[in-house]
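Engineer: For reference, the file coords_20.txt (compact mmCIF, C-alpha atoms) is included below:
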```
# COMPACT_ATOMS: atom_id res chain seq x y z
CA TYR A 242 313.92 150.86 146.06
CA ARG A 243 317.63 150.05 145.92
CA ARG A 244 317.51 147.10 148.30
CA ALA A 245 314.62 145.45 146.45
CA ALA A 246 316.20 146.32 143.09
CA GLU A 247 319.48 144.69 144.03
CA GLN A 248 317.52 141.60 145.03
CA GLY A 249 316.10 141.42 141.51
CA HIS A 250 312.64 142.96 142.00
CA GLY A 251 311.61 144.21 138.55
CA GLU A 252 309.29 147.02 139.62
CA ALA A 253 311.86 148.31 142.14
CA GLN A 254 314.50 148.30 139.38
CA TRP A 255 312.20 150.34 137.16
CA ARG A 256 311.41 152.81 139.94
CA LEU A 257 315.08 153.14 140.88
CA GLY A 258 315.84 153.79 137.22
CA LEU A 259 313.26 156.60 137.23
CA CYS A 260 314.86 158.07 140.37
CA TYR A 261 318.17 158.30 138.55
CA TRP A 262 316.43 159.52 135.39
CA HIS A 263 314.78 162.48 137.16
CA GLY A 264 317.25 162.97 140.00
CA HIS A 265 314.65 162.18 142.68
CA GLY A 266 316.41 161.36 145.95
CA VAL A 267 319.69 160.68 144.12
CA GLU A 268 321.98 162.66 141.86
CA GLN A 269 320.64 162.58 138.31
CA ASN A 270 322.54 159.97 136.31
CA THR A 271 321.21 158.93 132.90
CA GLU A 272 323.72 156.09 132.54
CA LEU A 273 322.64 154.48 135.84
CA ALA A 274 319.00 155.16 135.00
CA LEU A 275 319.26 153.22 131.75
CA SER A 276 321.18 150.42 133.44
CA TRP A 277 318.38 149.85 135.96
CA LEU A 278 315.67 150.29 133.32
CA ARG A 279 317.30 147.62 131.16
CA ARG A 280 317.55 145.25 134.11
CA ALA A 281 313.83 145.77 134.76
CA ALA A 282 313.08 145.37 131.05
CA ASP A 283 314.95 142.06 130.98
CA GLN A 284 312.48 140.83 133.59
CA GLY A 285 309.51 141.79 131.44
CA ASN A 286 308.50 144.97 133.24
CA THR A 287 306.22 146.77 130.77
CA TRP A 288 306.78 150.15 132.41
CA ALA A 289 310.52 149.74 131.85
CA TRP A 290 309.82 148.91 128.19
CA ASN A 291 307.81 152.12 127.89
CA SER A 292 310.56 154.11 129.63
CA LEU A 293 313.17 152.76 127.22
CA GLY A 294 310.88 153.82 124.40
CA LEU A 295 310.89 157.33 125.83
CA ALA A 296 314.69 157.28 126.07
CA TYR A 297 315.01 156.45 122.36
CA ASP A 298 312.22 158.90 121.52
CA MET A 299 314.05 161.75 123.28
CA GLY A 300 317.59 160.62 122.54
CA LYS A 301 318.35 160.73 126.27
CA GLY A 302 321.37 158.58 127.11
CA VAL A 303 321.06 156.75 123.79
CA PRO A 304 321.11 157.92 120.16
CA LYS A 305 317.70 159.25 119.13
CA ASP A 306 316.01 156.39 117.28
CA PRO A 307 312.27 156.70 116.47
CA GLU A 308 312.08 153.10 115.20
CA GLN A 309 313.57 151.72 118.42
CA ALA A 310 311.24 153.95 120.42
CA ALA A 311 308.19 152.64 118.55
CA ALA A 312 309.40 149.05 118.97
CA TRP A 313 309.67 149.41 122.77
CA TYR A 314 306.28 151.18 122.92
CA ARG A 315 304.71 148.39 120.87
CA LYS A 316 306.20 145.68 123.08
CA ALA A 317 304.68 147.29 126.18
CA ALA A 318 301.45 148.29 124.43
CA GLU A 319 300.75 144.74 123.27
CA ARG A 320 301.06 143.63 126.89
CA GLY A 321 298.39 146.16 127.90
CA ASN A 322 300.47 149.08 129.18
CA ALA A 323 298.17 152.09 128.73
CA ALA A 324 300.94 154.71 128.69
CA ALA A 325 302.77 152.79 125.95
CA GLN A 326 299.52 152.42 124.00
CA CYS A 327 299.12 156.20 124.07
CA ASN A 328 302.75 156.75 123.05
CA LEU A 329 302.46 154.24 120.21
CA ALA A 330 299.27 155.96 119.07
CA LEU A 331 301.17 159.24 118.80
CA CYS A 332 303.87 157.51 116.75
CA TYR A 333 301.19 156.43 114.27
CA ARG A 334 299.64 159.89 114.28
CA ASP A 335 302.91 161.60 113.41
CA GLY A 336 304.51 158.81 111.37
CA THR A 337 307.43 158.69 113.82
CA GLY A 338 309.27 155.37 113.64
CA VAL A 339 306.28 153.78 111.92
CA GLU A 340 304.28 154.45 108.78
CA GLN A 341 301.67 157.12 109.47
CA SER A 342 298.25 155.58 110.01
CA THR A 343 295.16 157.36 111.33
CA GLU A 344 293.44 154.01 111.80
CA GLN A 345 296.25 152.64 113.98
CA TYR A 346 296.50 155.96 115.82
CA LEU A 347 292.83 155.83 116.86
CA ASP A 348 292.95 152.10 117.61
CA TRP A 349 295.82 152.40 120.09
CA LEU A 350 294.43 155.59 121.55
CA ARG A 351 291.08 153.95 122.25
CA ARG A 352 292.83 150.99 123.89
CA ALA A 353 294.54 153.43 126.27
CA VAL A 354 291.26 155.24 126.93
CA GLU A 355 289.48 151.97 127.69
CA GLN A 356 291.91 151.59 130.58
CA GLY A 357 291.13 155.11 131.80
CA ASP A 358 294.54 156.51 130.86
CA ALA A 359 294.62 160.28 131.43
CA ALA A 360 297.08 160.99 128.62
CA GLY A 361 294.93 158.89 126.31
CA PHE A 362 291.83 160.93 127.15
CA ARG A 363 293.78 164.15 126.60
CA SER A 364 295.04 162.99 123.19
CA LEU A 365 291.57 161.80 122.17
CA ALA A 366 290.22 165.20 123.20
CA TRP A 367 292.74 166.86 120.89
CA ALA A 368 291.62 164.54 118.10
CA TYR A 369 287.96 165.56 118.57
CA ALA A 370 288.89 169.25 118.94
CA GLY A 371 290.89 169.25 115.71
CA GLY A 372 288.95 166.66 113.74
CA TRP A 373 292.03 164.42 113.43
CA GLY A 374 290.75 161.08 112.19
CA VAL A 375 287.33 161.64 113.75
CA PRO A 376 284.54 164.14 113.02
CA LYS A 377 285.23 167.42 114.82
CA ASP A 378 283.17 167.39 118.01
CA LEU A 379 283.89 170.07 120.62
CA GLU A 380 281.40 168.63 123.12
CA GLN A 381 283.09 165.23 122.99
CA ALA A 382 286.46 166.95 123.25
CA ALA A 383 285.33 168.67 126.44
CA VAL A 384 284.12 165.34 127.86
CA CYS A 385 287.52 163.79 127.23
CA TYR A 386 289.37 166.79 128.60
CA ARG A 387 287.34 166.52 131.80
CA LYS A 388 288.11 162.82 132.24
CA ALA A 389 291.81 163.56 131.94
CA ALA A 390 291.58 166.73 134.04
CA GLU A 391 289.90 164.91 136.90
CA GLN A 392 292.97 162.67 137.03
CA GLU A 393 295.12 165.79 137.61
CA GLN A 394 296.41 165.88 134.02
CA ALA A 395 297.60 169.50 133.93
CA ALA A 396 297.54 170.00 130.14
CA ALA A 397 293.95 168.73 130.02
CA GLN A 398 292.98 170.99 132.92
CA ASN A 399 294.32 173.97 130.99
CA SER A 400 292.49 172.88 127.83
CA LEU A 401 289.25 172.47 129.78
CA GLY A 402 289.78 175.97 131.14
CA VAL A 403 290.13 177.26 127.58
CA ALA A 404 286.92 175.46 126.63
CA TYR A 405 285.03 177.19 129.46
CA GLU A 406 286.56 180.57 128.70
CA ASP A 407 285.72 180.39 124.99
CA GLY A 408 282.49 178.38 125.26
CA LYS A 409 283.79 175.53 123.11
CA GLY A 410 281.82 172.36 123.82
CA VAL A 411 280.61 173.72 127.16
CA PRO A 412 278.71 176.86 128.20
CA THR A 413 280.92 179.94 128.54
CA ASP A 414 281.85 180.21 132.22
CA PRO A 415 284.85 182.40 133.15
CA ALA A 416 284.69 181.31 136.80
CA MET A 417 284.99 177.64 135.81
CA ALA A 418 287.78 178.58 133.42
CA ALA A 419 289.63 180.23 136.31
CA GLU A 420 289.12 177.16 138.50
CA TRP A 421 290.62 174.77 135.96
CA TYR A 422 293.44 177.16 135.10
CA ARG A 423 294.24 177.42 138.81
CA ARG A 424 294.36 173.66 139.25
CA ALA A 425 296.68 173.30 136.27
CA ALA A 426 298.78 176.29 137.34
CA LYS A 427 299.36 174.75 140.76
CA LEU A 428 300.67 171.65 138.98
CA GLY A 429 303.19 173.85 137.17
CA ASN A 430 301.53 174.23 133.75
CA GLY A 431 302.96 177.38 132.17
CA TYR A 432 300.06 177.95 129.77
CA ALA A 433 297.57 177.80 132.63
CA ARG A 434 299.63 180.25 134.66
CA ARG A 435 299.62 182.72 131.78
CA ASN A 436 295.89 182.23 131.22
CA LEU A 437 295.12 182.72 134.91
CA ALA A 438 297.22 185.88 134.94
CA ARG A 439 295.15 187.23 132.05
CA LEU A 440 291.89 186.59 133.94
CA TYR A 441 293.19 188.49 136.95
CA LYS A 442 294.33 191.35 134.72
CA TYR A 443 290.84 191.87 133.28
CA GLY A 444 288.75 190.57 136.20
CA SER A 445 287.17 187.81 134.14
CA GLY A 446 285.77 185.03 136.35
CA VAL A 447 287.82 186.32 139.28
CA GLU A 448 288.08 189.59 141.18
CA ARG A 449 290.44 191.88 139.34
CA SER A 450 293.80 191.90 141.10
CA ARG A 451 297.02 193.48 139.91
CA GLU A 452 298.92 191.60 142.61
CA GLN A 453 297.59 188.21 141.46
CA TYR A 454 298.15 189.20 137.84
CA ILE A 455 301.84 189.85 138.50
CA HIS A 456 302.15 186.72 140.64
CA TRP A 457 300.87 184.35 137.96
CA LEU A 458 302.54 186.29 135.15
CA ARG A 459 305.88 185.86 136.91
CA GLN A 460 305.18 182.16 137.44
CA ALA A 461 304.46 181.76 133.73
CA ALA A 462 307.55 183.78 132.81
CA GLU A 463 309.73 181.59 135.02
CA ASN A 464 308.14 178.58 133.28
CA GLY A 465 309.65 179.88 130.05
CA SER A 466 306.62 181.49 128.40
CA GLY A 467 307.95 184.08 125.94
CA ALA A 468 304.66 185.99 125.93
CA ALA A 469 304.59 186.14 129.74
CA GLN A 470 308.24 187.23 129.83
CA CYS A 471 307.51 190.03 127.39
CA ASN A 472 304.44 191.16 129.37
CA LEU A 473 306.37 191.08 132.63
CA ALA A 474 309.09 193.17 131.02
CA MET A 475 306.48 195.75 130.03
CA CYS A 476 305.20 195.81 133.61
CA TYR A 477 308.70 196.70 134.81
CA GLN A 478 309.04 199.35 132.12
CA GLU A 479 305.68 200.97 132.92
CA GLY A 480 305.60 200.29 136.66
CA THR A 481 302.41 198.23 136.36
CA GLY A 482 301.99 196.21 139.55
CA VAL A 483 305.72 196.44 140.23
CA GLU A 484 308.20 199.25 140.79
CA GLN A 485 309.73 200.54 137.56
CA ASN A 486 313.06 198.82 137.02
CA GLU A 487 315.01 199.15 133.78
CA GLU A 488 317.35 196.30 134.68
CA GLN A 489 314.43 193.91 135.21
CA PHE A 490 312.75 195.25 132.08
CA LEU A 491 315.78 194.35 129.97
CA HIS A 492 316.30 191.04 131.79
CA TRP A 493 312.82 189.75 130.98
CA LEU A 494 312.80 191.29 127.51
CA CYS A 495 316.03 189.49 126.62
CA ARG A 496 314.68 186.21 127.97
CA ALA A 497 311.57 186.69 125.87
CA ARG A 498 313.74 187.48 122.84
CA MET A 499 315.58 184.19 123.38
CA ASN A 500 312.17 182.49 123.29
CA GLN A 501 311.51 184.04 119.88
CA SER A 502 308.85 186.46 121.12
CA VAL A 503 307.93 188.77 118.23
CA ASN A 504 306.84 191.54 120.61
CA ALA A 505 310.14 191.28 122.47
CA ARG A 506 312.11 191.62 119.24
CA ALA A 507 310.13 194.74 118.36
CA GLU A 508 310.63 196.26 121.82
CA LEU A 509 314.36 195.59 121.77
CA TRP A 510 314.56 197.14 118.32
CA LYS A 511 312.83 200.28 119.62
CA TYR A 512 315.05 200.28 122.71
CA ASP A 513 318.20 200.14 120.58
CA GLU A 514 316.94 203.09 118.56
CA ASP A 515 316.34 205.28 121.63
```
What do you get writing this file as structure tokens?
Structural biologist:
Amino acid sequence: YRRAAEQGHGEAQWRLGLCYWHGHGVEQNTELALSWLRRAADQGNTWAWNSLGLAYDMGKGVPKDPEQAAAWYRKAAERGNAAAQCNLALCYRDGTGVEQSTEQYLDWLRRAVEQGDAAGFRSLAWAYAGGWGVPKDLEQAAVCYRKAAEQEQAAAQNSLGVAYEDGKGVPTDPAMAAEWYRRAAKLGNGYARRNLARLYKYGSGVERSREQYIHWLRQAAENGSGAAQCNLAMCYQEGTGVEQNEEQFLHWLCRARMNQSVNARAELWKYDED
């Protein structure tokens, strides 16, 4: 990307900026990332506009500024960038940088969905699932989750798994739940890893396996799930699927406590009393 970027190619400048942003192939450098993103933005690259919106949204490399974020999203959204349309929709939903407007939220979300945007489908699914601005419709939510999930959108895959496990908008099917959890888990989704671990623990939709339970529980714990960290700690305390290990028990319990796990706080309190 660098050679093309230095020759003034807008898309290459945007992609090089992302490399520096995420540390892909180069040492992570937010200052250089923003420099290349701005150069791409100056050439009218809508993806760079959206990325600058994210920078202001997150306060990464620039002061956090919701109004600036919304302005960059709008600039890209009005030029048809589906990701920016979805991001602008969320600004209107939450009243972040713009005046809250359910009408504008749904309008921009539907524009993103019309382009097949996976994040747009996921957000529209959440709207139908919660009745946010639209009549609550679990079947329509499941349809939207599927459209996002089939584009390898991990959060939507997990949500579709939940729908199959609980029978919300689709027939109850633990095996299908396990399949979607697995797909999301392999993409690194911590919620899906915890959910898949639970299925293996109880043998729901999959063959019961203590080994697989511990494997996915550990994956979820390493993802930062407080509940998974607390459960893994209990496994080390009780010797469930792993060898009893007080050091590991306390390690995972303390990590769970740092994640504000109520169960972890209670266990540590009991441990201190012993």
Engineer: Could you name the residues that touch A:Ala296 at 10 Å or less, counting all atoms listed in the file, but leaving out those on the same chain fewer than 2 positions away, as a list of chain:residue names?
Structural biologist: A:Trp262, A:Thr271, A:Leu275, A:Trp290, A:Asn291, A:Ser292, A:Leu293, A:Gly294, A:Asp298, A:Met299, A:Gly300, A:Lys301, A:Gly302, A:Val303, A:Pro304, A:Lys305, A:Asp306, A:Pro307, A:Gln309, A:Ala310, A:Trp313
Engineer: Between atom CA of A:Ala246 and atom CA of A:Gln326, what is the distance, to one decimal in Å?
Structural biologist: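 Those two atoms sit 26.1 Å apart.
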Engineer: Using Å and a single decimal, report how far atom CA of A:Asp335 sits from atom CA of A:Trp373.
Structural biologist: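 That distance, rounded to one decimal, is 11.2 Å.
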Engineer: Atom CA of A:Gly467 and atom CA of A:Asn500, how far apart in Å?
Structural biologist: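 Distance between the two atoms: 5.2 Å.
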Engineer: From the options A:Val384, A:Cys332, A:Ala397, A:Ala366, which residue's atoms come nearest to A:Leu428, counting all atoms listed in the file?
Structural biologist: A:Ala397
Engineer: My list of candidates is A:Glu319, A:Glu272, A:Asp378, A:Glu448. Which is closest to A:Ala353 when distances are computed with all atoms listed in the file?
Structural biologist: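 Once distances to A:Ala353 are computed over all atoms listed in the file, the minimum belongs to A:Glu319.
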Engineer: Using only C-alpha atoms, give me every residue within 9 Å of (289.6, 168.7, 133.4) in file coordinates, as a list of chain:residue names.
Structural biologist: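 Collected hits near the coordinates: A:Ala383, A:Val384, A:Cys385, A:Tyr386, A:Arg387, A:Lys388, A:Ala389, A:Ala390, A:Glu391, A:Gln392, A:Glu393, A:Gln394, A:Ala395, A:Ala396, A:Ala397, A:Gln398, A:Asn399, A:Ser400, A:Leu401, A:Gly402, A:Trp421, A:Ala425.
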Engineer: Let's have the selection written as a short mmCIF file (atom, residue, chain, number, x, y, z; two decimals), keeping the file's coordinate frame, with C-alpha atoms.
Structural biologist:
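Below is the file that was written, again.cif:
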```
data_model
loop_
_atom_site.label_atom_id
_atom_site.label_comp_id
_atom_site.auth_asym_id
_atom_site.auth_seq_id
_atom_site.Cartn_x
_atom_site.Cartn_y
_atom_site.Cartn_z
CA ALA A 383 285.33 168.67 126.44
CA VAL A 384 284.12 165.34 127.86
CA CYS A 385 287.52 163.79 127.23
CA TYR A 386 289.37 166.79 128.60
CA ARG A 387 287.34 166.52 131.80
CA LYS A 388 288.11 162.82 132.24
CA ALA A 389 291.81 163.56 131.94
CA ALA A 390 291.58 166.73 134.04
CA GLU A 391 289.90 164.91 136.90
CA GLN A 392 292.97 162.67 137.03
CA GLU A 393 295.12 165.79 137.61
CA GLN A 394 296.41 165.88 134.02
CA ALA A 395 297.60 169.50 133.93
CA ALA A 396 297.54 170.00 130.14
CA ALA A 397 293.95 168.73 130.02
CA GLN A 398 292.98 170.99 132.92
CA ASN A 399 294.32 173.97 130.99
CA SER A 400 292.49 172.88 127.83
CA LEU A 401 289.25 172.47 129.78
CA GLY A 402 289.78 175.97 131.14
CA TRP A 421 290.62 174.77 135.96
CA ALA A 425 296.68 173.30 136.27
#
```
Engineer: Dig up all the protein and nucleic acid residues within 7 Å of (288.1, 173.9, 124.3) in the file frame, using all atoms listed in the file, and format them as a PyMOL selection string.
Structural biologist: chain A and resi 379+383+400-401+403-405+407+409-410
Engineer: Rank nothing, just name the residue among A:Met417, A:Gly321, A:Ala330, A:Phe362 nearest to A:Asp348, using only C-alpha atoms.
Structural biologist: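 Checking each of A:Met417, A:Gly321, A:Ala330, A:Phe362 against A:Asp348, counting only C-alpha atoms, the winner is A:Ala330.
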Engineer: When distances are computed from all atoms listed in the file, which of A:Arg424, A:His250, A:Arg244, A:Arg363 shows the smallest separation from A:Asp283?
Structural biologist: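 Ranked by minimum distance to A:Asp283, first place goes to A:His250.
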Engineer: So which one's closest to A:Gln345, A:Arg315, A:Lys377, A:Arg279, A:Arg498? Using all atoms listed in the file, please.
Structural biologist: A:Arg315
Engineer: Around stretch 481-484 of chain A, fit a box with edges along x, y and z, padding it by 4 Å on each side, then list its centre and edge lengths in Å to one decimal as lines of an AutoDock Vina configuration file.
Structural biologist:
```
center_x = 305.1
center_y = 197.7
center_z = 138.6
size_x = 14.2
size_y = 11.0
size_z = 12.4
```
Engineer: Can you work out which one of A:Arg496, A:Arg451, A:Arg256, A:Arg352 has the shortest atom-to-atom distance to A:Arg243, counting all atoms listed in the file?
Structural biologist: A:Arg256
Engineer: Can you pull out the residues contacting stretch 475-490 of chain A? Cut-off 9 Å, using only C-alpha atoms, and skip same-chain residues under 4 positions away; I want them as a list in words.
Structural biologist: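 So the residues in contact are Arg451, Glu452, Tyr454, Ile455, Gln470, Cys471, Leu494 and Cys495 of chain A.
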Engineer: Emit a file covering stretch 359-372 of chain A of the preceding structure with N, CA, C and O atoms, as a PDB file, in the first residue's frame.
Structural biologist:
```pdb
ATOM      1  N   ALA A 359     -23.772  -5.618   6.520  1.00  0.00           N
ATOM      2  CA  ALA A 359     -23.958  -6.593   7.599  1.00  0.00           C
ATOM      3  C   ALA A 359     -24.239  -5.910   8.934  1.00  0.00           C
ATOM      4  O   ALA A 359     -25.133  -6.332   9.681  1.00  0.00           O
ATOM      5  N   ALA A 360     -23.485  -4.866   9.257  1.00  0.00           N
ATOM      6  CA  ALA A 360     -23.713  -4.160  10.518  1.00  0.00           C
ATOM      7  C   ALA A 360     -25.091  -3.513  10.534  1.00  0.00           C
ATOM      8  O   ALA A 360     -25.747  -3.433  11.580  1.00  0.00           O
ATOM      9  N   GLY A 361     -25.550  -3.062   9.369  1.00  0.00           N
ATOM     10  CA  GLY A 361     -26.884  -2.485   9.271  1.00  0.00           C
ATOM     11  C   GLY A 361     -27.961  -3.519   9.563  1.00  0.00           C
ATOM     12  O   GLY A 361     -28.916  -3.242  10.305  1.00  0.00           O
ATOM     13  N   PHE A 362     -27.813  -4.725   8.990  1.00  0.00           N
ATOM     14  CA  PHE A 362     -28.767  -5.795   9.264  1.00  0.00           C
ATOM     15  C   PHE A 362     -28.764  -6.159  10.748  1.00  0.00           C
ATOM     16  O   PHE A 362     -29.813  -6.387  11.349  1.00  0.00           O
ATOM     17  N   ARG A 363     -27.563  -6.218  11.345  1.00  0.00           N
ATOM     18  CA  ARG A 363     -27.474  -6.553  12.763  1.00  0.00           C
ATOM     19  C   ARG A 363     -28.191  -5.502  13.611  1.00  0.00           C
ATOM     20  O   ARG A 363     -28.962  -5.830  14.512  1.00  0.00           O
ATOM     21  N   SER A 364     -27.970  -4.228  13.309  1.00  0.00           N
ATOM     22  CA  SER A 364     -28.603  -3.160  14.085  1.00  0.00           C
ATOM     23  C   SER A 364     -30.112  -3.145  13.882  1.00  0.00           C
ATOM     24  O   SER A 364     -30.867  -2.900  14.831  1.00  0.00           O
ATOM     25  N   LEU A 365     -30.561  -3.430  12.652  1.00  0.00           N
ATOM     26  CA  LEU A 365     -32.003  -3.482  12.401  1.00  0.00           C
ATOM     27  C   LEU A 365     -32.620  -4.661  13.148  1.00  0.00           C
ATOM     28  O   LEU A 365     -33.743  -4.563  13.660  1.00  0.00           O
ATOM     29  N   ALA A 366     -31.865  -5.757  13.234  1.00  0.00           N
ATOM     30  CA  ALA A 366     -32.341  -6.913  13.999  1.00  0.00           C
ATOM     31  C   ALA A 366     -32.545  -6.534  15.461  1.00  0.00           C
ATOM     32  O   ALA A 366     -33.554  -6.901  16.082  1.00  0.00           O
ATOM     33  N   TRP A 367     -31.584  -5.800  16.017  1.00  0.00           N
ATOM     34  CA  TRP A 367     -31.721  -5.355  17.405  1.00  0.00           C
ATOM     35  C   TRP A 367     -32.945  -4.460  17.579  1.00  0.00           C
ATOM     36  O   TRP A 367     -33.628  -4.521  18.606  1.00  0.00           O
ATOM     37  N   ALA A 368     -33.211  -3.621  16.564  1.00  0.00           N
ATOM     38  CA  ALA A 368     -34.385  -2.750  16.627  1.00  0.00           C
ATOM     39  C   ALA A 368     -35.661  -3.585  16.689  1.00  0.00           C
ATOM     40  O   ALA A 368     -36.555  -3.332  17.511  1.00  0.00           O
ATOM     41  N   TYR A 369     -35.766  -4.603  15.818  1.00  0.00           N
ATOM     42  CA  TYR A 369     -36.954  -5.463  15.814  1.00  0.00           C
ATOM     43  C   TYR A 369     -37.038  -6.294  17.106  1.00  0.00           C
ATOM     44  O   TYR A 369     -38.127  -6.517  17.640  1.00  0.00           O
ATOM     45  N   ALA A 370     -35.891  -6.743  17.600  1.00  0.00           N
ATOM     46  CA  ALA A 370     -35.896  -7.576  18.817  1.00  0.00           C
ATOM     47  C   ALA A 370     -36.338  -6.774  20.039  1.00  0.00           C
ATOM     48  O   ALA A 370     -37.014  -7.305  20.929  1.00  0.00           O
ATOM     49  N   GLY A 371     -35.966  -5.494  20.065  1.00  0.00           N
ATOM     50  CA  GLY A 371     -36.298  -4.668  21.226  1.00  0.00           C
ATOM     51  C   GLY A 371     -37.473  -3.740  21.026  1.00  0.00           C
ATOM     52  O   GLY A 371     -37.904  -3.065  21.963  1.00  0.00           O
ATOM     53  N   GLY A 372     -38.006  -3.695  19.793  1.00  0.00           N
ATOM     54  CA  GLY A 372     -39.104  -2.779  19.510  1.00  0.00           C
ATOM     55  C   GLY A 372     -38.673  -1.331  19.558  1.00  0.00           C
ATOM     56  O   GLY A 372     -39.414  -0.456  20.000  1.00  0.00           O
TER      57      GLY A 372
END
```
